[in-house]
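Step one of this worksheet: look at the structure below.
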Number of protein chains: 4
Amino acid sequence: MAGSIFGKNFTITTWGESHGKGLGVVIDGCPAGLELSSDDIQAFLDRRKPGQSNITTQRKEDDKVTILSGVFEGKTTGTPISLIVENTNQKSKDYSQIASYYRPGHADFGFDMKYGFRDYRGGGRSSGRETIGRVAAGAIASKILNQLGITLLCYTKSIGGIYIDYDNFDEDYISQNKLYMPDRDAFFKADEYLAKCMEKKDSAGGLIECVIEGMPAGIGEPVFDKLDAQLAKAIFSIGSVKGFEIGDGFDVVSSTGSYNNDEFCIINGEISKKTNHAGGILGGMSDSSPIVFRAAIKPTPSIASKQHTITCDGEEIEISINGRHDPIIVPRAVVVVESMAAITILDLLLENMHARLDSIEDFYMR
Amino acid sequence: MAGSIFGKNFTITTWGESHGKGLGVVIDGCPAGLELSSDDIQAFLDRRKPGQSNITTQRKEDDKVTILSGVFEGKTTGTPISLIVENTNQKSKDYSQIASYYRPGHADFGFDMKYGFRDYRGGGRSSGRETIGRVAAGAIASKILNQLGITLLCYTKSIGGIYIDYDNFDEDYISQNKLYMPDRDAFFKADEYLAKCMEKKDSAGGLIECVIEGMPAGIGEPVFDKLDAQLAKAIFSIGSVKGFEIGDGFDVVSSTGSYNNDEFCIINGEISKKTNHAGGILGGMSDSSPIVFRAAIKPTPSIASKQHTITCDGEEIEISINGRHDPIIVPRAVVVVESMAAITILDLLLENMHARLDSIEDFYMR
Amino acid sequence: MAGSIFGKNFTITTWGESHGKGLGVVIDGCPAGLELSSDDIQAFLDRRKPGQSNITTQRKEDDKVTILSGVFEGKTTGTPISLIVENTNQKSKDYSQIASYYRPGHADFGFDMKYGFRDYRGGGRSSGRETIGRVAAGAIASKILNQLGITLLCYTKSIGGIYIDYDNFDEDYISQNKLYMPDRDAFFKADEYLAKCMEKKDSAGGLIECVIEGMPAGIGEPVFDKLDAQLAKAIFSIGSVKGFEIGDGFDVVSSTGSYNNDEFCIINGEISKKTNHAGGILGGMSDSSPIVFRAAIKPTPSIASKQHTITCDGEEIEISINGRHDPIIVPRAVVVVESMAAITILDLLLENMHARLDSIEDFYMR
Amino acid sequence: MAGSIFGKNFTITTWGESHGKGLGVVIDGCPAGLELSSDDIQAFLDRRKPGQSNITTQRKEDDKVTILSGVFEGKTTGTPISLIVENTNQKSKDYSQIASYYRPGHADFGFDMKYGFRDYRGGGRSSGRETIGRVAAGAIASKILNQLGITLLCYTKSIGGIYIDYDNFDEDYISQNKLYMPDRDAFFKADEYLAKCMEKKDSAGGLIECVIEGMPAGIGEPVFDKLDAQLAKAIFSIGSVKGFEIGDGFDVVSSTGSYNNDEFCIINGEISKKTNHAGGILGGMSDSSPIVFRAAIKPTPSIASKQHTITCDGEEIEISINGRHDPIIVPRAVVVVESMAAITILDLLLENMHARLDSIEDFYMR
């Protein structure tokens, strides 16, 4: 497939451009019988909605979702769920200037090389708005996971070198600040840092962390479709991600086996591990410890300060990008990361149902 | 798929266990007309062959490959290429003890939870020997890429906190030392470090770096099948990988847009970039700069020093793992990383051929 | 995938129910640079539009298509094309009665067994309206094929035992009669036959034939993804198809090799075949002769005459189905068959582009 | 994929040529816990083994299968099962003559057009021996289906116009005659007919029928992955198949709705149908009636009588094909049809396990 389809069992196909008529997703393989309303989906979309604070684009979009198919009398029917969000506040004129050159840090050049031309309005398909379909589908995947006792918690771990302190970790605070940080002190420092970035017409990067609890053991397919490999692809498919790690991640490079191995033990009669350096995945399969992963997000490439680049005709020029841009991608990407993780985990949970003959016999011969 | 199939256009299906009759791979979608002999493949396999030095398992395996199909009169025919390496030096007795408990840091527990039981001999399917099929396929993908002017260079960047110095970078030296490091000084320090690890019955982790040159621009599919997303999956599907990053990777989290953006320019009449923080990929597509990525490899989980764990019956015990284990996975993983990168890039190169109608018309109406 | 996705390279995902908000399709993998307007698509949709004659359902639907994404300045961009047709004339009350029982010849029972319940309004997802997305995508596939010199001609070959006579074959006439027959005499007889069917509150079956000209040789993948195998799946995925055959089809069962083999020869300097019993496909690959296949379509299962069936609670009852039904499916299915054939052929044409190394080298090293 | 991979959940990848080192299959997604020995597989392979009578090729091949992976202590482990059959009686010289021309009715021409050259020995990949991998995998799929109470019965329905009489149907007799016919009288007539064919250096076609009992209702995915569509592809992917039909098949074209609809009823407290014109599939899903389908098999294209054709250089010549050929493909294809049907049904059964949320909850929260 040419890359707008993701997942094998819970399969999402996204479509739409920044300045087209709208964006959406078709979900094929959603199990029948899930109670679902547009409110379930809207709650997720509202977390990535623009225009909510001074650090998000001032483009005014309500991003209201409509369910076009696959739900009947309040329940999913097992047929494809088509979701649409219409664009209402496109201002194509903002972007007409960028038709003629390649913005540094953007996909413009690649699109021209690949397809011969591009929809330059607002980045077209490579706009951050492309993630609307992902988040809409993620809301559904999350709802199913929650019903299975699996929960995802996703937040900003650092911005511009300012890290949260786990001693101050306040889960409730995540949704109470525009940076989705779980630490009030870190939030204020980061917010100050961003204000300076904006003054300098510059942008900042950051780190997103995700913790998944309640996973049964054995989810993920050994070899290529490992749970961590699928998560890596899912998260790296989000624009601006430049790094992905699980558990101790890059720290393992200077660790030792005696330290890094998590010893199995019995806690309250349950198989458990004394530590979780592995981040909840061993040999590509969940080990029932919490899954912990992080994604490194680059600074917003659209900045108002001057940059050098070339025109499509190969002429070197100086530009400064105006328009409506976030000085940081991280906060609005938090729900995108959570959504992609939910979709990936659900996909592999479904796959796991036919791993064993006795389960299949139970299913068909009950 | 249940996870032993990788790729859409150049599709590999691997099979085999550590102590079964052999291991292999079937490649579907290899283009016809490639000159191919078993020597081409053997050269790659020899780079991951065990028993070559004091830091690799002493299991003696020649890992001789046989081409079973898909090649006729020295050329690939376009039909599936089946490759097999027979196991000759299985010593199942070495492993009989591990049938009853879960080794820390290994997939044993996951296998039992998923499938109800496991082939415990040498780790079964989750053994490092599983990568034989990947490397055999990687040899073929690399040969094709080379014919298209694309080259991959893969090496050990660090072991146990000892990093190579780019000022001492010696490409030729990579294949001349058992750690596949491009820096003689770093090699000697790392080798000393490993000797101490082994004395302590412990193991070490490290970092692998891969540089790909000669890429045309526009390879990779926007949205889910981004070049970096597919690479992330490919590399994370290798056992023991705990982190993946591209270009500046995790350093972007404290960077700024003005620094991190690579400005486009014209060098010698060619579109180029002044810097390569992006690591050669923008918006999921190659930008014709070198692709640079890194993989963090955890320390070998099999260590001879004492560890606590539990038996399959849930009893807490103390173990020490004997058998034939490498104190570090990194050196033998270098060619595996290179192979998976080659397979991924070829797969997306093929996909790219039908991105544009004019190319399709050229192809069919020439 | 759960079955609403078709194709590997030109991939279509359809969605929508008879009485939901609308129906549509997302096409992933459409090459960039195709001139495309909604008129191109509307022309195809109009061929399956209801309410055009006395033998189609009197439901009034304009079936107006809107292009939501993937087209910019009149050309496809290479990104997903999302197409929607809104439902405007749903009358759910017509169908409320069928919620409680299983209609003979329909999917109702299967839906309940599979999903636990169903959207019973107008057949829900198993309505003939499901094909709207297929036809919309087929219009695009056909336009691309036409630009490559490949044309599809699809028509009604027989209805209720009345067959066309090839001596009277009039291609222009196909679009001039409501039954899409290429033979005026056969049309009048068939129309009379249908009038009698309707009088008897009964329905009729028929045969659709498709002829594809201009195919290059070698399209189709040997073994599982044979051109004929993919066509068989594509056509059989259309509701009401009960048989598919290619070339001489079922007649081969009493034929002999000496008759059935098509001898190769040279005609006007081109490799050709003296006969075309094979229907243009040998060993799963096109042989450059016209591809000829036929699909057997069952009589409309919704009939107004009395039938016995059971309720969802297992009670035996007598019913007669009212509502707005066609007495024959064949004429409106003609464009669906043509669409699915076009999609399938394009998909395999794209696949074929990377069959040979020299082609790949030509493409990347030109 | 380039066409040697089949199935989504129970995925088979076949490889091998007529005159290469061997042929085989890798099965990914076989559930763990199935008792499996090579005898289970050999029993199926023996049904397609050559050299068993005067109407099969005299090439002597034992076709002994070896299990290379995926089975441990007599049970499947859930990892890929690799199966190999070595070629032992290749006589390449028999075929050297056919390198220079295109045999009528064969894939030779297509291979040359697609790949630029071909492995001409014995038809290479398009040889009937290609089905060895399918049958080996089919044996495993059948064993699983049998454990779920699903049975497949496959036999020859007609040869050269001689049809079985259902009044004489003798299931036991199928395996007792070389033509796999369930009717002793029909067998003798067909055998006589074939003797005459052979005298005339000609070949014959025929019809294979398959009946599947014990299917639960609701198997198959609505829309593209209908049970009948997947069966159509599976069966049409077998070389020499020119037609596929289900239930009343092509007879529906002159039928009426009132006759063709199967009325639902209650028999012995179970939902049933009074008739089975549909052949056990409605709306693409099983309806719990027996599934009945038929495949039309063309006469063997390799015949010893004289034929005209062209050389690869475009010269018209006269040939007669010697070598070791069956005068009829049907009998040995019976087990191939059965195998492909078993694989297809198992694949969709596995898919069906996650159709409903309550099933998923039962599975994970039990």
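In the structure tokens, chains take the letters A, B, ... in the order shown, each chain's residues start at 1, and ligands count up from 1 in the order shown.
Residues of chain A having any atom within 6 Å of chain C, counting only C-alpha atoms, are Met1, Ala2, Lys8, Asn9, Trp15, Gly16, Gly20, Lys21, Asp28, Gly29, Ala32, Leu68, Ser69, Pro80 and Tyr115 of chain A.
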May I have the residues within 9 Å of Tyr364 in chain B as a PyMOL selection string, using only C-alpha atoms and disregarding those fewer than 4 positions away in the same chain?
-> (chain B and resi 359-360) or (chain C and resi 148+216+349+353)
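Atom pair CA of Ser38 in chain C / CA of Val85 in chain C: separated by 11.2 Å.
Taking only range 271-365 of chain A, the residues that DSSP calls strand (DSSP E) from the backbone come to Ile271, Ser272, Lys273, Ile281, Leu282, Met285, Ser286, Ile291, Val292, Phe293, Arg294, Ala295, Ala296, Ile297, Gln307, His308, Thr309, Ile310, Glu316, Ile317, Glu318 and Ile319 of chain A.
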Per DSSP on the backbone, filter range 8-79 of chain A down to the residues in helix (DSSP H, G or I) and report them as a PyMOL selection string.
-> chain A and resi 38-48
Next, write the just-selected residues to a file, as a PDB file, in the first residue's frame, keeping N, CA and C atoms as the atom set.
ATOM      1  N   SER A  38     -20.181  10.131  18.768  1.00  0.00           N
ATOM      2  CA  SER A  38     -19.186  11.094  18.306  1.00  0.00           C
ATOM      3  C   SER A  38     -18.507  11.795  19.482  1.00  0.00           C
ATOM      4  N   ASP A  39     -19.171  11.828  20.633  1.00  0.00           N
ATOM      5  CA  ASP A  39     -18.543  12.436  21.818  1.00  0.00           C
ATOM      6  C   ASP A  39     -17.280  11.689  22.231  1.00  0.00           C
ATOM      7  N   ASP A  40     -17.319  10.362  22.124  1.00  0.00           N
ATOM      8  CA  ASP A  40     -16.130   9.568  22.471  1.00  0.00           C
ATOM      9  C   ASP A  40     -14.935  10.020  21.646  1.00  0.00           C
ATOM     10  N   ILE A  41     -15.199  10.285  20.388  1.00  0.00           N
ATOM     11  CA  ILE A  41     -14.124  10.648  19.461  1.00  0.00           C
ATOM     12  C   ILE A  41     -13.746  12.109  19.641  1.00  0.00           C
ATOM     13  N   GLN A  42     -14.777  12.948  19.851  1.00  0.00           N
ATOM     14  CA  GLN A  42     -14.522  14.376  19.983  1.00  0.00           C
ATOM     15  C   GLN A  42     -13.589  14.667  21.154  1.00  0.00           C
ATOM     16  N   ALA A  43     -13.747  13.906  22.222  1.00  0.00           N
ATOM     17  CA  ALA A  43     -12.916  14.138  23.411  1.00  0.00           C
ATOM     18  C   ALA A  43     -11.423  13.999  23.064  1.00  0.00           C
ATOM     19  N   PHE A  44     -11.113  13.047  22.207  1.00  0.00           N
ATOM     20  CA  PHE A  44      -9.718  12.888  21.785  1.00  0.00           C
ATOM     21  C   PHE A  44      -9.307  14.024  20.850  1.00  0.00           C
ATOM     22  N   LEU A  45     -10.172  14.328  19.903  1.00  0.00           N
ATOM     23  CA  LEU A  45      -9.830  15.372  18.929  1.00  0.00           C
ATOM     24  C   LEU A  45      -9.621  16.722  19.608  1.00  0.00           C
ATOM     25  N   ASP A  46     -10.392  16.966  20.649  1.00  0.00           N
ATOM     26  CA  ASP A  46     -10.265  18.261  21.336  1.00  0.00           C
ATOM     27  C   ASP A  46      -8.882  18.428  21.962  1.00  0.00           C
ATOM     28  N   ARG A  47      -8.241  17.290  22.290  1.00  0.00           N
ATOM     29  CA  ARG A  47      -6.898  17.374  22.876  1.00  0.00           C
ATOM     30  C   ARG A  47      -5.850  17.829  21.868  1.00  0.00           C
ATOM     31  N   ARG A  48      -6.125  17.649  20.570  1.00  0.00           N
ATOM     32  CA  ARG A  48      -5.161  18.127  19.568  1.00  0.00           C
ATOM     33  C   ARG A  48      -5.651  19.361  18.818  1.00  0.00           C
TER      34      ARG A  48
END
